[in-house]
Structures are given as structure tokens and as C-alpha cells.
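Engineer: Before I ask anything, here is the structure I am working with.
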Amino acid sequence: MKYLEEFSDPDLAKKLVDQIHAATTRKWAMMEVCGGQTHSIIRHGIDQLLPESVEMIHGPGCPVCVTPLEMIDRALAIAARPGVIFCSFGDMLRVPGSSQDLFSVKSAGGDVRVVYSPLDALKLARENPDREVVFFGIGFETTAPANAMTVYQAKQLGVRNFSLLVSHVLVPPAIAAIMESPACRVQAFLAAGHVCSVMGTAEYPPLAQKYKVPIVVTGFEPLDILEGVRRTVLQLESGRHEMENAYPRAVRDEGNAPAMKMLADVFEVTDRTWRGIGEIPRSGWRLSEKYREFDAEQRFDVTGIHTAESSLCRSGEVLQGLIKPHLCEAFGKECTPRNPLGATMVSSEGACAAYYTHRRLELVDAK
Amino acid sequence: MQDLTDVASGVPGALPGQAGLDFEGWSCPVPLRDVPTVVMGHGGGGAMSGELIEHLFLPAYGAAAATDLGDSAVLSVGAGTRLAFSTDSFVVKPMFFPGGSIGDLAVNGTVNDLAMSGATPLFLSTAFILAEGTELSVLGRIAQAVGRAAEDAGVRLVTGDTKVVERASGDGVYLNTSGIGVVPAGVDINARRARPGDAVLVSGDIGVHGVAVMSCREGLEFGTAVESDTAALHGLVAAMLATGADVHVLRDPTRGGVSASLNEIARASEVGIELVERLLPVPSEVRDACSLLGLDPLQVANEGKLIALVPAEDADRVLAAMRAHPLGRSACSIGSCVPDHAGMVVARTGLGGSRVIGLPIGEQLPRIC
């Protein structure tokens with residue numbers, strides 16, 4: 001705890017806040033890419049401490065939020081099959097598909113289990129040789145190495161009744177897509193520290209140069225985020241646009257070599273649809289040819305999925321930073337964490353859920 | 001439709017010639033409306049549990065329902081005598097965990113529900129629902145835990161029931177306990193009695209039980225032993241009442257944690273509650289485990305802890321009485337009731353910001369990353 005407390009120290013936080021105020025001379029809009037950062041900003045009230053002229057735009061970095069509807073529906077269809085044990089991280093259970101969620105499938109008799117590691121799913125497969133065990137492999141570059149390792153082990157051990165339903169997404173192509181949007185207001189990025197701890201920082205300098213945006217690799221504790229904002233403001237104010245690593249205790253420029261080697265062996269880059277956003281070229285991973293036999297999509301061949309999107313909610317615009325969550329007309333009315341219209345309200349790290357959960361006071365006062 | 005052909009050049013991970021993004025068409029998924037079947041969240045002690053009571057049970061019960069939804073019902077039975085009555089079912093997995101078992105929980109849980117009315121617990125029933133195939137040695141250990149906990153709490157086990165369900169219909173041992181106690185004259189403790197200015201007190205560290213159970217569920221280990229704090233609290237309550245203070249509200253923040261209890265009180269009393277985050281007694285092991293799993297310690301279940309709302313002028317002597325009792329040694333004040341934002345609980349963060357502390361929805365769900 002002491003370690004985490006050091007990165008929440010109120011006195012140090014105040015110093016950083018003062019420096020940010022002193023350095024800011026005009027309006028700036030920066031995007032924190034990761035949902036974990038969004039949650040930390042709102043949970044600790046960091047946005048309330050920043051100068052009014054520094055606007056935090058909440059990015060698409062919530063893996064639960066951006067998993068496409070079709071993939072959720074496919075997961076639901078597989079999970080409902082007899083003989084299947086469907087394993088997922090906890091927060092996927094409440095994500096709505098076209099008509100239901102994994103909780104509902106479980107309630108109707110599906111064998112849906114929460115696991116804390118994909119290796120637990122592989123263990124289940126070995127313990128239940130007469131069942132098909134499927135793990136829902138979603139997330140950014142952070143969760144992918146463990147999933148890759150699990151598939152690698154399954155192949156090594158000759159476990160035939162294990163498969164991965166893969167919906168991994170990659171951050172750098174999403175940054176490029178956001179910058180390419182004509183409506184883009186983002187002038188700088190706080191990059192997701194844990195993504196860089198796996199992948200290193202090499203992908204970011206070209207993005208910073210091409211789009212002329214500062215990109216500061218940032219952690220998740222309050223002081224990490226304030227330091228990220230401080231460095232970003234200093235770059236913006238001085239007209240620089242560089243990649244900076246403000247999270248050196250976790251991130252090395254070269255990344256995690258064994259993890260990247262495993263990823264390169266097990267996965268290959270593919271186009272990927274982001275829920276609420278659309279297809280982003282080469283923004284995801286799928287299993288490579290060598291491991292295709294462990295692909296749940298192929299093993300189960302789920303067809304006939306008809307997704308149904310609603311026109312009511314504006315999650316896509318929230319994900320791109322075009323609007324704040326409460327500016328969506330459905331926010332807090334038709335759409336709440338209890339009855340989410342979109343995934344940004346479902347996941348605890350979704351921007352809409354963070355606003356609804358922790359920011360209602362000001363939103364009520366503002367009306 | 002915007003052409004992204006140009007995006008790729010110079011950008012690692014992108015290829016030229018890919019289809020563009022349709023930002024105009026950015027939309028959001030279809031609603032997940034109220035589910036038509038019971039899901040795990042209906043038993044989580046949060047908003048879904050509340051909705052089930054409000055929208056299904058109470059309308060169905062009609063005029064037969066008493067609507068005062070406290071931890072226990074306080075019933076007048078003749079001149080000057082008031083009984084407290086409560087029931088609770090226990091389905092905890094695993095059945096044995098660091099610091100306790102389903103047997104301890106079942107006794108202490110109902111004793112505490114009675115104690116939260118200020119009652120002296122007297123009698124308990126135990127009703128077992130057993131899945132066929134359950135080992136008798138396991139059942140024996142649970143029964144012994146029930147006996148020990150009842151003896152420690154000074155309550156008598158006066159009636160009971162046993163049912164067996166087919167293996168496929170159940171999983172291990174479920175245990176219901178109901179209890180009766182007597183409310184001393186002059187004691188009026190009710191979730192509707194919170195007033196602006198009341199101090200919010202907690203009897204000790206929060207989040208311990210929930211993390212202890214999670215630590216041994218699914219083989220999750222945090223490297224530091226966290227033991228459940230299950231305990232019977234009526235002795236502590238009696239010590240608090242003996243100060244003569246006008247205790248307004250008591251709650252044991254079990255499922256749904258401190259957050260659910262305070263939200264219920266804020267709504268029932270139509271007051272605002274303001275917590276000071278730096279005052280919250282969250283042990284480092286609990287904070288670390290919650291940080292790892294993406295959980296809020298305020299929403300994690302407790303056992304053997306209570307929340308008290310007392311007039312500000314009584315707070316010091318109630319705290320002193322709590323700290324003098326073995327179960328309240330680290331009791332502290334964590335905030336107060338305020339006239340603003342009635343019905344809502346707000347925390348001042350360590351950095352000086354604020355956040356709303358919401359009612360948990362259903363089950364606590366560990367996050368993906």
C-alpha cells in the first residue's frame with residue numbers, strides 16, 4: 001500500500017497542480033487514451049483540480065466498451081451451447097449484446113464462469129476433457145500476452161478442448177484514426193502506460209510527428225496522471241510534439257521482449273471493428289495460422305448473427321472525444337449503469353459509467 | 001465517410017488502402033432492458049436487489065406487507081414490549097474461508113441484523129438446505145461452527161429444519177437463520193432518523209470480509225493473509241447505547257458494503273452524507289486487492305462491522321465507548337450528514353476533489369485490466 005500511497009500524496013499532487021496552472025496560458029484539449037486513466041481522473045476528482053482551460057477528453061481505451069456487438073453476440077451464442085464452459089473476465093458478463101448478456105445466458109443454464117486468468121480456463125479444459133472450454137480473449141496489448149501464452153501452452157500440452165474467442169484491439173491505429181477524424185479536437189495524448197510496458201514506445205514517435213501531437217506515456221495513479229498532464233501542457237505551450245515517457249518505473253522503450261515474441265508467434269495483425277466506432281484498419285489481433293485450430297470462431301462456426309444497433313445513444317462520439325458523456329440526451333435517463341444503452345455505460349471504466357457513478361453531483365447542480 | 005487511405009503512411013501497424021471510418025455512423029449498442037429472469041445481481045445487495053423488493057415482492061405481498069425495510073423488523077407485542085425479528089439466508093462460496101465459515105456467518109449475520117435495531121438477540125432458528133452428495137464431515141464442521149458462534153453470542157438455537165435437494169438443484173450447503181430479540185425501552189434506531197449534522201462512525205477496518213472470501217475463491221491469492229472479521233455485534237451496540245447517546249441509525253454494511261448502507265440511509269432519511277476519503281479505515285491489503293481487481297473498498301462486503309449515525313454532540317463519547325470494546329478498537333468518524341444533495345453520498349477525495357458514492361448495481365465484478 002505504501003507504494004500506491006506515494007503516488008497519491010496530496011502535497012505532491014498540489015505542487016503538480018500548481019505547476020500545471022502556472023504553465024497554462026490558453027485552452028488545451030488532451031485525450032487520455034485508457035479507460036483506467038479516465039476512471040482514476042474521475043474517481044480522484046483530478047479534472048476538478050486542473051485549470052478550466054485544460055480539457056480532458058476521454059478516449060476509447062476501455063476494452064470492454066469497444067468489443068464489437070457482433071463479437072458479444074457470438075460469445076453469447078457459444079456460451080449458450082450445451083457442452084461448453086464459457087470463461088470470461090468478470091466485467092464482460094454485464095455487457096449487452098443485441099438482446100441479452102452473459103449473465104442472462106448463465107441464468108438460462110449456460111455454464112458461464114468468471115476467471116481471473118486465461119490459464120484458469122486452460123486448467124478447466126484439462127479438468128473437463130469431455131467439455132469444450134472457451135475463453136473470451138478481449139483487451140488491448142496488455143491482456144494479449146497472457147492469452148497468447150495460454151494458447152501456446154494449450155498447443156504444447158495437446159489440449160484439444162480449449163479455444164480462444166479473440167477480439168484484441170491495438171492502441172496506435174486508434175490514435176491515428178482519431179487524429180484523422182475531421183471533427184477531431186484532440187491536441188495531445190496521454191498514452192496508456194501499461195500498453196507501453198508490453199509493447200514499448202517505438203510506435204509513438206512517428207504518430208507524434210505525423211499528427212504534430214505530444215504523446216506522453218502516463219501511468220494510472222493520481223500523481224502519474226498529473227505528471228502526464230504537466231508534461232503535456234509544457235509541450236503544448238512550447239509548441240513541441242514529442243513522445244515522452246512519464247512512466248519510466250513501468251515502461252522501457254524496448255518494451256517486454258519475451259511478451260512481444262510470444263505475441264508475434266501466436267497472433268497476427270488484422271482489421272478490427274470497434275464497438276461504437278467502426279472498422280479501423282489493422283487495429284486488432286487474431287490467431288496466426290499456426291494456432292488457428294484454437295480459434296473459437298472457427299471451431300464453433302456461429303452463423304446467422306443479426307446485430308441490432310440503437311440510434312439513441314452517442315457512445316461512439318464519447319469514445320472519440322467529440323462529446324462529454326452527460327451531453328448525450330439519453331445519459332442518466334434511458335441510459336444508466338442499470339440499463340445501459342451502450343458499453344461505455346456498462347464497464348466501470350467506460351467514460352459514461354465513470355461520469356454517472358462519480359459526477360452526478362455537479363451534473364445535478366448544473367441543471 | 002472519411003478516407004483513411006493516407007493514415008497508414010508512416011504509422012506502424014497500419015496498411016495503405018484500407019477502408020475509411022464512418023464517423024457519421026458512429027452509434028451505440030441496443031438497450032439491455034430489465035432481464036426477464038433472475039440473475040446473480042439480484043442477490044448482490046445493491047440496486048438490483050432493491051428493485052426486486054420494490055417492484056416484485058412488495059406489490060405482490062400487497063396489504064400484507066410491512067414496508068419498513070430495515071435489517072430487522074421491530075414489532076410491538078403488548079404493553080411496552082418490542083420484539084426485533086429478522087431472517088437471512090447464507091449461500092457463501094467457499095463455505096470455509098480464512099477467519100470463518102458459513103456457520104459463523106449465519107449466526108452472526110442474523111444476530112447483527114437484530115442488533116442494528118438495538119435489540120438484545122435471544123433466539124435463533126437454523127434451516128439447512130443440503131445438496132445430495134454433501135459430505136457429512138463438512139456438514140458437521142458447519143454445525144459445530146453454528147453451535148460455537150451461538151454460544152459466543154449468547155443466543156439459543158430453538159428450532160430448525162433440514163431439506164435435501166437433488167445434486168443438480170443445489171451446490172453444497174445453504175443455511176437460513178431467523179432470530180428474535182428484545183428492544184430495550186427508549187431505544188429508537190431507524191434508517192429514517194439520520195439528521196444533518198449527524199456524525200458517521202464506523203467500528204473498524206472496512207472491506208476485510210469481502211477480500212478474505214475473494215482471496216480463497218477461484219484460487220485468488222494476494223500474498224497477504226486477510227481474515228474475515230465475522231463477529232456478533234450486539235455487545236458493542238449495548239456499550240454504545242449505555243452511553244445514553246441518542247443513536248439515530250445503525251447498519252451492518254454486509255453485501256453492497258458501506259456504500260449500499262449509506263445510500264439506503266441517505267435515501268430513507270432524505271439527507272446528504274459526506275465522507276472524507278482520507279479518514280476511511282481501509283487496510284493496505286484490502287486497498288491493494290481492490291486496486292488489483294478494480295473494486296471500490298466502499299462496495300466490498302463486511303461482517304462484524306457497523307456504521308452508526310449519531311448527533312455530533314454525542315459522537316465523542318460514543319466513539320470512546322466503541323474503542324473501549326474489543327470489536328470497536330479502531331472505530332473512527334468517517335464523515336457527516338449534510339443538508340445538501342439529499343439522498344446522495346459524496347466523498348471528498350484525498351486530492352481535494354469530490355465524487356459521488358453510488359449504490360452498487362448487482363454483483364461486484366473484477367475488471368479485465
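As shown in the C-alpha cells, the chain order sets the letters A, B, ...; within each chain, residues go from 1, and ligands are also counted from 1 in the order they appear.
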Which residues of chain A are close to chain B, meaning at most 6 Å apart when you count only C-alpha atoms, and how do they look as a PyMOL selection string?

Structural biologist: chain A and resi 1+10+44-45+89-91+96+98+107+203+276-277+281-282+309-310+313-316+339+341-342+357-359

Engineer: Near Ala185 of chain B, counting only C-alpha atoms, which residues have an atom at most 9 Å away, once you skip same-chain residues fewer than 4 positions from it, shown as a ChimeraX atom specification?

Structural biologist: /B:80-82

Engineer: Would you save the residues of that selection, restricted to C-alpha atoms, as a compact mmCIF listing (two decimals), in the first residue's frame?

Structural biologist:
# COMPACT_ATOMS: atom_id res chain seq x y z
CA GLY B 80 -44.18 -1.71 26.39
CA THR B 81 -42.65 -4.82 24.86
CA ARG B 82 -40.99 -4.63 21.46

Engineer: Please provide as a list in words all residues within 7 Å of Gly99 of chain B, with the sequence filter that same-chain residues fewer than 2 positions apart are discarded (counting only C-alpha atoms).

Structural biologist: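 That gives Phe97, Glu227, Ser228 and Asp229 of chain B.
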
Engineer: For segment 198-209 of chain B, work out the shell of residues within 7 Å, counting only C-alpha atoms and skipping chain neighbours fewer than 5 positions away, then give it as a ChimeraX atom specification.

Structural biologist: /B:226-229,281-283,286,297-298,300-303,305-312,315,322,328,330-337

Engineer: Could you list, as a PDB file with all heavy atoms, in the first residue's frame, every residue within 12 Å of Asn190 of chain B, counting only C-alpha atoms and ignoring same-chain residues fewer than 6 positions away?

Structural biologist:
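Result saved to around.pdb:
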ATOM      1  N   ASP B  68     -41.473  -1.159   6.348  1.00  0.00           N
ATOM      2  CA  ASP B  68     -40.278  -0.627   6.973  1.00  0.00           C
ATOM      3  C   ASP B  68     -39.132  -1.609   6.746  1.00  0.00           C
ATOM      4  O   ASP B  68     -39.004  -2.609   7.434  1.00  0.00           O
ATOM      5  CB  ASP B  68     -40.525  -0.431   8.468  1.00  0.00           C
ATOM      6  CG  ASP B  68     -39.465   0.461   9.083  1.00  0.00           C
ATOM      7  OD1 ASP B  68     -38.570   0.900   8.335  1.00  0.00           O
ATOM      8  OD2 ASP B  68     -39.529   0.717  10.291  1.00  0.00           O
ATOM      9  N   LEU B  69     -38.298  -1.324   5.739  1.00  0.00           N
ATOM     10  CA  LEU B  69     -37.343  -2.326   5.275  1.00  0.00           C
ATOM     11  C   LEU B  69     -35.990  -2.186   5.963  1.00  0.00           C
ATOM     12  O   LEU B  69     -34.987  -1.878   5.344  1.00  0.00           O
ATOM     13  CB  LEU B  69     -37.189  -2.228   3.759  1.00  0.00           C
ATOM     14  CG  LEU B  69     -38.489  -2.371   2.973  1.00  0.00           C
ATOM     15  CD1 LEU B  69     -38.266  -2.064   1.511  1.00  0.00           C
ATOM     16  CD2 LEU B  69     -39.064  -3.762   3.137  1.00  0.00           C
ATOM     17  N   GLY B  70     -35.956  -2.398   7.239  1.00  0.00           N
ATOM     18  CA  GLY B  70     -34.683  -2.336   7.959  1.00  0.00           C
ATOM     19  C   GLY B  70     -34.005  -3.692   7.986  1.00  0.00           C
ATOM     20  O   GLY B  70     -34.485  -4.660   7.408  1.00  0.00           O
ATOM     21  N   ASP B  71     -32.861  -3.763   8.682  1.00  0.00           N
ATOM     22  CA  ASP B  71     -32.185  -5.053   8.829  1.00  0.00           C
ATOM     23  C   ASP B  71     -33.063  -6.033   9.590  1.00  0.00           C
ATOM     24  O   ASP B  71     -33.023  -7.233   9.381  1.00  0.00           O
ATOM     25  CB  ASP B  71     -30.851  -4.877   9.564  1.00  0.00           C
ATOM     26  CG  ASP B  71     -29.794  -4.262   8.663  1.00  0.00           C
ATOM     27  OD1 ASP B  71     -29.920  -4.404   7.439  1.00  0.00           O
ATOM     28  OD2 ASP B  71     -28.863  -3.645   9.184  1.00  0.00           O
ATOM     29  N   SER B  72     -33.856  -5.503  10.555  1.00  0.00           N
ATOM     30  CA  SER B  72     -34.810  -6.347  11.260  1.00  0.00           C
ATOM     31  C   SER B  72     -36.082  -5.545  11.480  1.00  0.00           C
ATOM     32  O   SER B  72     -36.076  -4.322  11.442  1.00  0.00           O
ATOM     33  CB  SER B  72     -34.237  -6.821  12.594  1.00  0.00           C
ATOM     34  OG  SER B  72     -33.859  -5.720  13.393  1.00  0.00           O
ATOM     35  N   ALA B  73     -37.195  -6.257  11.698  1.00  0.00           N
ATOM     36  CA  ALA B  73     -38.466  -5.592  11.960  1.00  0.00           C
ATOM     37  C   ALA B  73     -38.621  -5.427  13.469  1.00  0.00           C
ATOM     38  O   ALA B  73     -38.319  -6.350  14.225  1.00  0.00           O
ATOM     39  CB  ALA B  73     -39.598  -6.440  11.399  1.00  0.00           C
ATOM     40  N   VAL B  74     -39.067  -4.253  13.885  1.00  0.00           N
ATOM     41  CA  VAL B  74     -39.343  -4.040  15.310  1.00  0.00           C
ATOM     42  C   VAL B  74     -40.851  -4.085  15.506  1.00  0.00           C
ATOM     43  O   VAL B  74     -41.590  -3.313  14.894  1.00  0.00           O
ATOM     44  CB  VAL B  74     -38.761  -2.697  15.793  1.00  0.00           C
ATOM     45  CG1 VAL B  74     -39.154  -2.440  17.239  1.00  0.00           C
ATOM     46  CG2 VAL B  74     -37.242  -2.709  15.646  1.00  0.00           C
ATOM     47  N   ALA B 115     -29.242  -6.752  16.219  1.00  0.00           N
ATOM     48  CA  ALA B 115     -28.513  -5.738  16.990  1.00  0.00           C
ATOM     49  C   ALA B 115     -28.640  -4.354  16.367  1.00  0.00           C
ATOM     50  O   ALA B 115     -28.599  -3.343  17.069  1.00  0.00           O
ATOM     51  CB  ALA B 115     -27.040  -6.135  17.093  1.00  0.00           C
ATOM     52  N   MET B 116     -28.818  -4.298  15.037  1.00  0.00           N
ATOM     53  CA  MET B 116     -28.908  -2.996  14.370  1.00  0.00           C
ATOM     54  C   MET B 116     -30.217  -2.269  14.697  1.00  0.00           C
ATOM     55  O   MET B 116     -30.401  -1.117  14.338  1.00  0.00           O
ATOM     56  CB  MET B 116     -28.733  -3.133  12.853  1.00  0.00           C
ATOM     57  CG  MET B 116     -27.341  -3.601  12.421  1.00  0.00           C
ATOM     58  SD  MET B 116     -25.971  -2.666  13.127  1.00  0.00           S
ATOM     59  CE  MET B 116     -25.222  -3.882  14.200  1.00  0.00           C
ATOM     60  N   SER B 117     -31.124  -2.953  15.366  1.00  0.00           N
ATOM     61  CA  SER B 117     -32.309  -2.274  15.915  1.00  0.00           C
ATOM     62  C   SER B 117     -32.083  -1.925  17.380  1.00  0.00           C
ATOM     63  O   SER B 117     -32.996  -1.465  18.061  1.00  0.00           O
ATOM     64  CB  SER B 117     -33.535  -3.186  15.817  1.00  0.00           C
ATOM     65  OG  SER B 117     -33.814  -3.487  14.478  1.00  0.00           O
ATOM     66  N   GLY B 118     -30.907  -2.215  17.889  1.00  0.00           N
ATOM     67  CA  GLY B 118     -30.623  -2.001  19.300  1.00  0.00           C
ATOM     68  C   GLY B 118     -31.092  -3.157  20.167  1.00  0.00           C
ATOM     69  O   GLY B 118     -31.073  -3.085  21.395  1.00  0.00           O
ATOM     70  N   ASP B 246     -28.172   9.429  21.892  1.00  0.00           N
ATOM     71  CA  ASP B 246     -29.354   9.163  21.070  1.00  0.00           C
ATOM     72  C   ASP B 246     -28.876   8.632  19.712  1.00  0.00           C
ATOM     73  O   ASP B 246     -28.761   9.389  18.745  1.00  0.00           O
ATOM     74  CB  ASP B 246     -30.156  10.458  20.898  1.00  0.00           C
ATOM     75  CG  ASP B 246     -31.410  10.226  20.056  1.00  0.00           C
ATOM     76  OD1 ASP B 246     -31.809   9.056  19.872  1.00  0.00           O
ATOM     77  OD2 ASP B 246     -31.985  11.236  19.583  1.00  0.00           O
ATOM     78  N   VAL B 247     -28.567   7.341  19.666  1.00  0.00           N
ATOM     79  CA  VAL B 247     -28.086   6.752  18.415  1.00  0.00           C
ATOM     80  C   VAL B 247     -29.236   6.758  17.401  1.00  0.00           C
ATOM     81  O   VAL B 247     -30.287   6.174  17.652  1.00  0.00           O
ATOM     82  CB  VAL B 247     -27.579   5.314  18.653  1.00  0.00           C
ATOM     83  CG1 VAL B 247     -27.155   4.677  17.327  1.00  0.00           C
ATOM     84  CG2 VAL B 247     -26.419   5.319  19.635  1.00  0.00           C
ATOM     85  N   HIS B 248     -29.040   7.435  16.280  1.00  0.00           N
ATOM     86  CA  HIS B 248     -30.129   7.571  15.292  1.00  0.00           C
ATOM     87  C   HIS B 248     -30.250   6.348  14.391  1.00  0.00           C
ATOM     88  O   HIS B 248     -31.351   5.850  14.172  1.00  0.00           O
ATOM     89  CB  HIS B 248     -29.898   8.821  14.427  1.00  0.00           C
ATOM     90  CG  HIS B 248     -30.167  10.089  15.156  1.00  0.00           C
ATOM     91  ND1 HIS B 248     -29.732  11.323  14.720  1.00  0.00           N
ATOM     92  CD2 HIS B 248     -30.825  10.333  16.321  1.00  0.00           C
ATOM     93  CE1 HIS B 248     -30.127  12.266  15.561  1.00  0.00           C
ATOM     94  NE2 HIS B 248     -30.788  11.685  16.553  1.00  0.00           N
ATOM     95  N   VAL B 249     -29.121   5.909  13.824  1.00  0.00           N
ATOM     96  CA  VAL B 249     -29.151   4.818  12.852  1.00  0.00           C
ATOM     97  C   VAL B 249     -27.987   3.873  13.111  1.00  0.00           C
ATOM     98  O   VAL B 249     -26.874   4.318  13.425  1.00  0.00           O
ATOM     99  CB  VAL B 249     -29.020   5.342  11.394  1.00  0.00           C
ATOM    100  CG1 VAL B 249     -29.258   4.200  10.387  1.00  0.00           C
ATOM    101  CG2 VAL B 249     -29.974   6.489  11.119  1.00  0.00           C
ATOM    102  N   LEU B 250     -28.242   2.580  12.963  1.00  0.00           N
ATOM    103  CA  LEU B 250     -27.172   1.579  12.952  1.00  0.00           C
ATOM    104  C   LEU B 250     -27.363   0.705  11.721  1.00  0.00           C
ATOM    105  O   LEU B 250     -28.485   0.379  11.354  1.00  0.00           O
ATOM    106  CB  LEU B 250     -27.232   0.687  14.207  1.00  0.00           C
ATOM    107  CG  LEU B 250     -26.858   1.309  15.549  1.00  0.00           C
ATOM    108  CD1 LEU B 250     -27.131   0.299  16.671  1.00  0.00           C
ATOM    109  CD2 LEU B 250     -25.388   1.726  15.566  1.00  0.00           C
ATOM    110  N   ARG B 251     -26.263   0.315  11.105  1.00  0.00           N
ATOM    111  CA  ARG B 251     -26.316  -0.616   9.973  1.00  0.00           C
ATOM    112  C   ARG B 251     -25.078  -1.503  10.000  1.00  0.00           C
ATOM    113  O   ARG B 251     -23.988  -1.004  10.290  1.00  0.00           O
ATOM    114  CB  ARG B 251     -26.335   0.141   8.638  1.00  0.00           C
ATOM    115  CG  ARG B 251     -27.702   0.632   8.219  1.00  0.00           C
ATOM    116  CD  ARG B 251     -28.524  -0.532   7.710  1.00  0.00           C
ATOM    117  NE  ARG B 251     -29.936  -0.196   7.715  1.00  0.00           N
ATOM    118  CZ  ARG B 251     -30.723  -0.274   6.646  1.00  0.00           C
ATOM    119  NH1 ARG B 251     -30.246  -0.701   5.516  1.00  0.00           N
ATOM    120  NH2 ARG B 251     -32.002   0.045   6.730  1.00  0.00           N
ATOM    121  N   GLU B 264     -28.688   3.764   1.388  1.00  0.00           N
ATOM    122  CA  GLU B 264     -30.023   3.460   1.918  1.00  0.00           C
ATOM    123  C   GLU B 264     -30.420   4.456   3.005  1.00  0.00           C
ATOM    124  O   GLU B 264     -31.549   4.936   3.052  1.00  0.00           O
ATOM    125  CB  GLU B 264     -30.025   2.033   2.489  1.00  0.00           C
ATOM    126  CG  GLU B 264     -30.060   0.953   1.410  1.00  0.00           C
ATOM    127  CD  GLU B 264     -29.729  -0.430   1.969  1.00  0.00           C
ATOM    128  OE1 GLU B 264     -29.812  -0.607   3.202  1.00  0.00           O
ATOM    129  OE2 GLU B 264     -29.379  -1.304   1.176  1.00  0.00           O
ATOM    130  N   ILE B 265     -29.456   4.777   3.876  1.00  0.00           N
ATOM    131  CA  ILE B 265     -29.749   5.726   4.956  1.00  0.00           C
ATOM    132  C   ILE B 265     -30.029   7.118   4.387  1.00  0.00           C
ATOM    133  O   ILE B 265     -30.982   7.792   4.784  1.00  0.00           O
ATOM    134  CB  ILE B 265     -28.556   5.781   5.939  1.00  0.00           C
ATOM    135  CG1 ILE B 265     -28.403   4.435   6.654  1.00  0.00           C
ATOM    136  CG2 ILE B 265     -28.740   6.910   6.946  1.00  0.00           C
ATOM    137  CD1 ILE B 265     -27.072   4.272   7.387  1.00  0.00           C
ATOM    138  N   ALA B 266     -29.198   7.530   3.413  1.00  0.00           N
ATOM    139  CA  ALA B 266     -29.373   8.874   2.823  1.00  0.00           C
ATOM    140  C   ALA B 266     -30.752   9.008   2.190  1.00  0.00           C
ATOM    141  O   ALA B 266     -31.408  10.044   2.313  1.00  0.00           O
ATOM    142  CB  ALA B 266     -28.275   9.125   1.787  1.00  0.00           C
ATOM    143  N   ALA B 268     -33.497   7.026   2.856  1.00  0.00           N
ATOM    144  CA  ALA B 268     -34.583   6.850   3.828  1.00  0.00           C
ATOM    145  C   ALA B 268     -34.777   8.118   4.652  1.00  0.00           C
ATOM    146  O   ALA B 268     -35.899   8.493   4.978  1.00  0.00           O
ATOM    147  CB  ALA B 268     -34.277   5.665   4.740  1.00  0.00           C
ATOM    148  N   SER B 269     -33.686   8.796   4.992  1.00  0.00           N
ATOM    149  CA  SER B 269     -33.762   9.983   5.848  1.00  0.00           C
ATOM    150  C   SER B 269     -33.814  11.284   5.053  1.00  0.00           C
ATOM    151  O   SER B 269     -33.985  12.352   5.632  1.00  0.00           O
ATOM    152  CB  SER B 269     -32.537  10.052   6.777  1.00  0.00           C
ATOM    153  OG  SER B 269     -32.519   8.993   7.682  1.00  0.00           O
ATOM    154  N   ALA B 308     -22.608   3.753  12.465  1.00  0.00           N
ATOM    155  CA  ALA B 308     -23.532   4.433  13.374  1.00  0.00           C
ATOM    156  C   ALA B 308     -23.658   5.891  12.974  1.00  0.00           C
ATOM    157  O   ALA B 308     -22.658   6.533  12.647  1.00  0.00           O
ATOM    158  CB  ALA B 308     -23.023   4.327  14.806  1.00  0.00           C
ATOM    159  N   LEU B 309     -24.881   6.396  12.977  1.00  0.00           N
ATOM    160  CA  LEU B 309     -25.106   7.826  12.789  1.00  0.00           C
ATOM    161  C   LEU B 309     -25.628   8.377  14.100  1.00  0.00           C
ATOM    162  O   LEU B 309     -26.688   7.949  14.591  1.00  0.00           O
ATOM    163  CB  LEU B 309     -26.093   8.083  11.647  1.00  0.00           C
ATOM    164  CG  LEU B 309     -25.430   8.162  10.264  1.00  0.00           C
ATOM    165  CD1 LEU B 309     -24.947   6.794   9.814  1.00  0.00           C
ATOM    166  CD2 LEU B 309     -26.381   8.757   9.249  1.00  0.00           C
ATOM    167  N   VAL B 310     -24.860   9.289  14.677  1.00  0.00           N
ATOM    168  CA  VAL B 310     -25.212   9.834  15.989  1.00  0.00           C
ATOM    169  C   VAL B 310     -25.103  11.353  15.932  1.00  0.00           C
ATOM    170  O   VAL B 310     -24.337  11.899  15.132  1.00  0.00           O
ATOM    171  CB  VAL B 310     -24.270   9.286  17.091  1.00  0.00           C
ATOM    172  CG1 VAL B 310     -24.340   7.759  17.159  1.00  0.00           C
ATOM    173  CG2 VAL B 310     -22.836   9.713  16.858  1.00  0.00           C
TER     174      VAL B 310
END

Engineer: Using only C-alpha atoms, pick whichever of A:Ala77, A:Ala296, A:Val266, A:Thr273 has the shortest atom-to-atom distance to Lys155 of chain A.

Structural biologist: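 Between A:Ala77, A:Ala296, A:Val266, A:Thr273, the residue approaching Lys155 of chain A most closely is A:Val266.
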
Engineer: What lies within 9 Å of Thr87 of chain B using only C-alpha atoms, ignoring chain neighbours under 4 positions off, as a PyMOL selection string?

Structural biologist: chain B and resi 71-72+110+113+176-179

Engineer: I want to know what sits within 8 Å of Cys62 of chain A, based on only C-alpha atoms, with residues of the same chain fewer than 3 positions away left out; could you give that as a list in words?

Structural biologist: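 Residues meeting the cut-off are Cys34, Gly35, Gly36, Cys65, Val66, Gly139, Thr344, Ser347, Glu349 and Gly350 of chain A.
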
Engineer: Kindly export the residues of the current selection with C-alpha atoms, as a PDB file, in the first residue's frame.

Structural biologist:
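Output below, filename result-v8.pdb:
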ATOM      1  CA  CYS A  34      -7.060   4.445 -21.438  1.00  0.00           C
ATOM      2  CA  GLY A  35     -10.297   3.794 -19.559  1.00  0.00           C
ATOM      3  CA  GLY A  36      -8.274   3.088 -16.424  1.00  0.00           C
ATOM      4  CA  CYS A  65     -16.509  -0.807 -24.297  1.00  0.00           C
ATOM      5  CA  VAL A  66     -15.048  -1.354 -27.728  1.00  0.00           C
ATOM      6  CA  GLY A 139      -8.476  -6.332 -24.436  1.00  0.00           C
ATOM      7  CA  THR A 344     -19.398   2.962 -22.251  1.00  0.00           C
ATOM      8  CA  SER A 347     -17.951  -1.109 -18.000  1.00  0.00           C
ATOM      9  CA  GLU A 349     -14.018   2.082 -16.822  1.00  0.00           C
ATOM     10  CA  GLY A 350     -16.301   3.414 -19.502  1.00  0.00           C
TER      11      GLY A 350
END
